[in-house]
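Taking it in order: structure first as structure tokens, then the write-up.
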Amino acid sequence: MAVTATGARTPFIAGNWKMNLDHLQAIAFVQKLAWSLKDARFDFDEVEVAVFPPFTDLRSVQTLISADKLSLRFGAQDVSAHDSGAYTGEISGAFLAALECGYVIIGHSERRTLHLETDEQVGAKAVAALKHGITPVICVGETADDLAEHGPSAVPVAQLTTALENVAAGAEIVVAYEPVWAIGSGQAATPEQAEQVAAALREVVRTRLGEDAASATRVLYGGSVKASNIASFMRQPNVDGALVGGASLNVEEFSSICRFKSHVGT
């Protein structure tokens with residue numbers, strides 16, 4: 001749920017496992033994460049938590065979450081722009097919907113860099129996800145060269161503007177700002193940098209999808225997020241959560257990130 005009963009945006013902590021953990025390891029991880037959060041009396045109504053396993057793990061994760069009635073959410077790491085057909089290796093949004101995926105990551109910097117995905121392709125995938133009732137987590141971010149040449153928000157704003165071109169007004173999306181220079185570097189953006197870009201991205205949503213969507217859309221920060229810095233990001237008014245990479249593979253660390261509210265005063 002993107003918005004609470006009081007109208008506030010529900011914080012969202014998302015763990016992108018990338019190409020790690022097979023289906024048996026995924027089962028063990030999700031069980032341990034659920035137990036860890038339960039032991040800490042974690043309130044899933046206050047903070048939404050989702051994991052994004054590899055495609056081969058999704059059925060196992062779905063079965064476990066459904067059978068044990070866990071409050072964790074889950075999503076996929078990519079989706080095809082096509083529903084079906086001669087697209088070897090691609091995964092349809094219809095398949096993900098059948099597995100009850102609530103979310104899908106779209107346009108991650110690794111997809112853009114390694115698979116040369118364009119902003120237009122990212123937009124087509126977002127439309128495909130929404131068609132099947134799946135919320136796209138649209139990733140945007142600049143490289144170190146982009147940052148030096150254009151400043152911190154120009155490239156992410158341009159990427160999101162194009163990606164939302166064919167998305168219907170009022171659509172539910174999540175936006176993830178991931179500065180490429182921070183991913184896996186151990187050097188996160190400052191909270192002030194993240195806030196500046198998040199605010200600019202929210203304005204794009206307002207222009208493209210309307211005022212209500214802008215108020216409800218959650219903007220995440222991603223890039224060397226860890227338990228020791230999550231609270232500083234979550235204090236920013238336009239940062240509503242985090243897309244966590246490497247730290248999401250450690251149950252204790254990821255659980256601590258999810259419980260960021262206990263760090264806010266530190």
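Labels for the structure tokens follow display order: chains A, B, ..., residues from 1 in each chain, ligands from 1.
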
Polymer residues at most 8 Å from A:Ala97, only C-alpha atoms, same-chain spacing of 6 or more positions, as a list in words: His132, Gly133 and Ile134 of chain A

Tell me, which residues of stretch 13-214 of chain A carry DSSP strand (DSSP E or B), written as a PyMOL selection string? chain A and resi 13-16+48-52+73-76+103-106+135-140+174-177

Those residues with C-alpha atoms, as a compact mmCIF listing (two decimals), in the first residue's frame please?
```
# COMPACT_ATOMS: atom_id res chain seq x y z
CA ILE A 13 12.59 -0.99 1.66
CA ALA A 14 13.40 -3.16 -1.36
CA GLY A 15 16.17 -5.75 -1.57
CA ASN A 16 17.58 -6.39 -5.05
CA GLU A 48 6.73 -2.16 3.47
CA VAL A 49 9.51 -4.67 2.79
CA ALA A 50 10.05 -6.51 -0.50
CA VAL A 51 12.70 -8.82 -1.91
CA PHE A 52 13.59 -9.11 -5.59
CA ARG A 73 6.32 -8.61 -0.53
CA PHE A 74 8.32 -9.71 -3.54
CA GLY A 75 9.01 -8.74 -7.13
CA ALA A 76 11.07 -9.55 -10.19
CA TYR A 103 6.63 -5.26 -8.21
CA VAL A 104 9.26 -5.39 -10.93
CA ILE A 105 12.54 -3.47 -11.22
CA ILE A 106 12.85 -1.69 -14.55
CA THR A 135 3.98 -1.83 -9.97
CA PRO A 136 7.15 -0.86 -11.83
CA VAL A 137 10.15 0.30 -9.82
CA ILE A 138 11.67 2.62 -12.40
CA CYS A 139 15.39 3.16 -11.86
CA VAL A 140 17.18 6.32 -12.95
CA VAL A 174 7.83 3.62 -7.66
CA VAL A 175 10.88 5.65 -8.69
CA ALA A 176 14.37 4.64 -7.59
CA TYR A 177 17.20 7.15 -7.81
```

DSSP-assigned alpha helix (DSSP H) among stretch 104-223 of chain A, expressed as a ChimeraX atom specification: /A:109-114,119-131,144-150,154-163,191-209,211-216

Neighbour list for stretch 219-228 of chain A as a ChimeraX atom specification, cut-off 9 Å, only C-alpha atoms, skip fewer than 6 positions in-chain: /A:11-14,174-189,194-195,198-199,201-202,238-248,253-260,263

Output C-alpha atoms for every residue in the selection just made, as a PDB file, in the first residue's frame.
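The resulting file, again_38.pdb, is reproduced below:
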```
ATOM      1  CA  PRO A  11       8.164   3.790   3.483  1.00  0.00           C
ATOM      2  CA  PHE A  12       9.415   1.048   1.159  1.00  0.00           C
ATOM      3  CA  ILE A  13      12.593  -0.985   1.664  1.00  0.00           C
ATOM      4  CA  ALA A  14      13.398  -3.163  -1.363  1.00  0.00           C
ATOM      5  CA  VAL A 174       7.835   3.620  -7.658  1.00  0.00           C
ATOM      6  CA  VAL A 175      10.880   5.651  -8.685  1.00  0.00           C
ATOM      7  CA  ALA A 176      14.371   4.637  -7.589  1.00  0.00           C
ATOM      8  CA  TYR A 177      17.197   7.151  -7.814  1.00  0.00           C
ATOM      9  CA  GLU A 178      20.438   5.189  -8.065  1.00  0.00           C
ATOM     10  CA  PRO A 179      23.496   7.286  -8.859  1.00  0.00           C
ATOM     11  CA  VAL A 180      25.658   4.900 -10.870  1.00  0.00           C
ATOM     12  CA  TRP A 181      28.789   6.291  -9.264  1.00  0.00           C
ATOM     13  CA  ALA A 182      27.533   5.176  -5.828  1.00  0.00           C
ATOM     14  CA  ILE A 183      26.368   1.630  -6.639  1.00  0.00           C
ATOM     15  CA  GLY A 184      28.715  -0.915  -5.089  1.00  0.00           C
ATOM     16  CA  SER A 185      31.325   1.765  -4.436  1.00  0.00           C
ATOM     17  CA  GLY A 186      30.831   2.022  -0.713  1.00  0.00           C
ATOM     18  CA  GLN A 187      30.473   5.782  -1.251  1.00  0.00           C
ATOM     19  CA  ALA A 188      26.822   6.775  -1.009  1.00  0.00           C
ATOM     20  CA  ALA A 189      25.381  10.087  -2.103  1.00  0.00           C
ATOM     21  CA  ALA A 194      19.478  12.333  -2.617  1.00  0.00           C
ATOM     22  CA  GLU A 195      16.802  14.782  -1.462  1.00  0.00           C
ATOM     23  CA  ALA A 198      14.191  12.983  -5.305  1.00  0.00           C
ATOM     24  CA  ALA A 199      12.382  16.333  -5.216  1.00  0.00           C
ATOM     25  CA  LEU A 201      11.910  13.437  -9.802  1.00  0.00           C
ATOM     26  CA  ARG A 202       8.680  14.020  -7.898  1.00  0.00           C
ATOM     27  CA  ASN A 238      11.148  13.328  -0.541  1.00  0.00           C
ATOM     28  CA  VAL A 239      13.023  10.075   0.123  1.00  0.00           C
ATOM     29  CA  ASP A 240      10.516   7.339   0.909  1.00  0.00           C
ATOM     30  CA  GLY A 241      12.722   4.269   1.107  1.00  0.00           C
ATOM     31  CA  ALA A 242      15.686   2.469  -0.371  1.00  0.00           C
ATOM     32  CA  LEU A 243      16.543   0.046  -3.141  1.00  0.00           C
ATOM     33  CA  VAL A 244      19.251  -1.992  -1.446  1.00  0.00           C
ATOM     34  CA  GLY A 245      21.794  -4.070  -3.362  1.00  0.00           C
ATOM     35  CA  GLY A 246      24.683  -5.851  -1.671  1.00  0.00           C
ATOM     36  CA  ALA A 247      23.431  -5.231   1.857  1.00  0.00           C
ATOM     37  CA  SER A 248      20.169  -7.022   1.047  1.00  0.00           C
ATOM     38  CA  GLU A 253      22.093  -6.045   7.828  1.00  0.00           C
ATOM     39  CA  PHE A 254      18.949  -5.959   5.689  1.00  0.00           C
ATOM     40  CA  SER A 255      16.739  -6.503   8.725  1.00  0.00           C
ATOM     41  CA  SER A 256      18.460  -3.585  10.428  1.00  0.00           C
ATOM     42  CA  ILE A 257      17.893  -1.405   7.348  1.00  0.00           C
ATOM     43  CA  CYS A 258      14.196  -2.331   7.416  1.00  0.00           C
ATOM     44  CA  ARG A 259      14.075  -1.254  11.056  1.00  0.00           C
ATOM     45  CA  PHE A 260      15.448   2.183  10.201  1.00  0.00           C
ATOM     46  CA  HIS A 263      17.962   4.436  14.121  1.00  0.00           C
TER      47      HIS A 263
END
```

For stretch 78-86 of chain A, work out the shell of residues within 8 Å, counting only C-alpha atoms and skipping chain neighbours fewer than 3 positions away, then give it as a list of chain:residue names. A:Glu90, A:Ile91, A:Ser92, A:Gly93, A:Ala94, A:Val104, A:Ile105, A:Ile106, A:Gln121, A:Ala124, A:Lys125, A:Ala126, A:Val127, A:Ala128, A:Ala129

Between atom CA of A:Ala231 and atom CA of A:Gln196, what is the distance in Å, rounded to a tenth? 16.7 Å
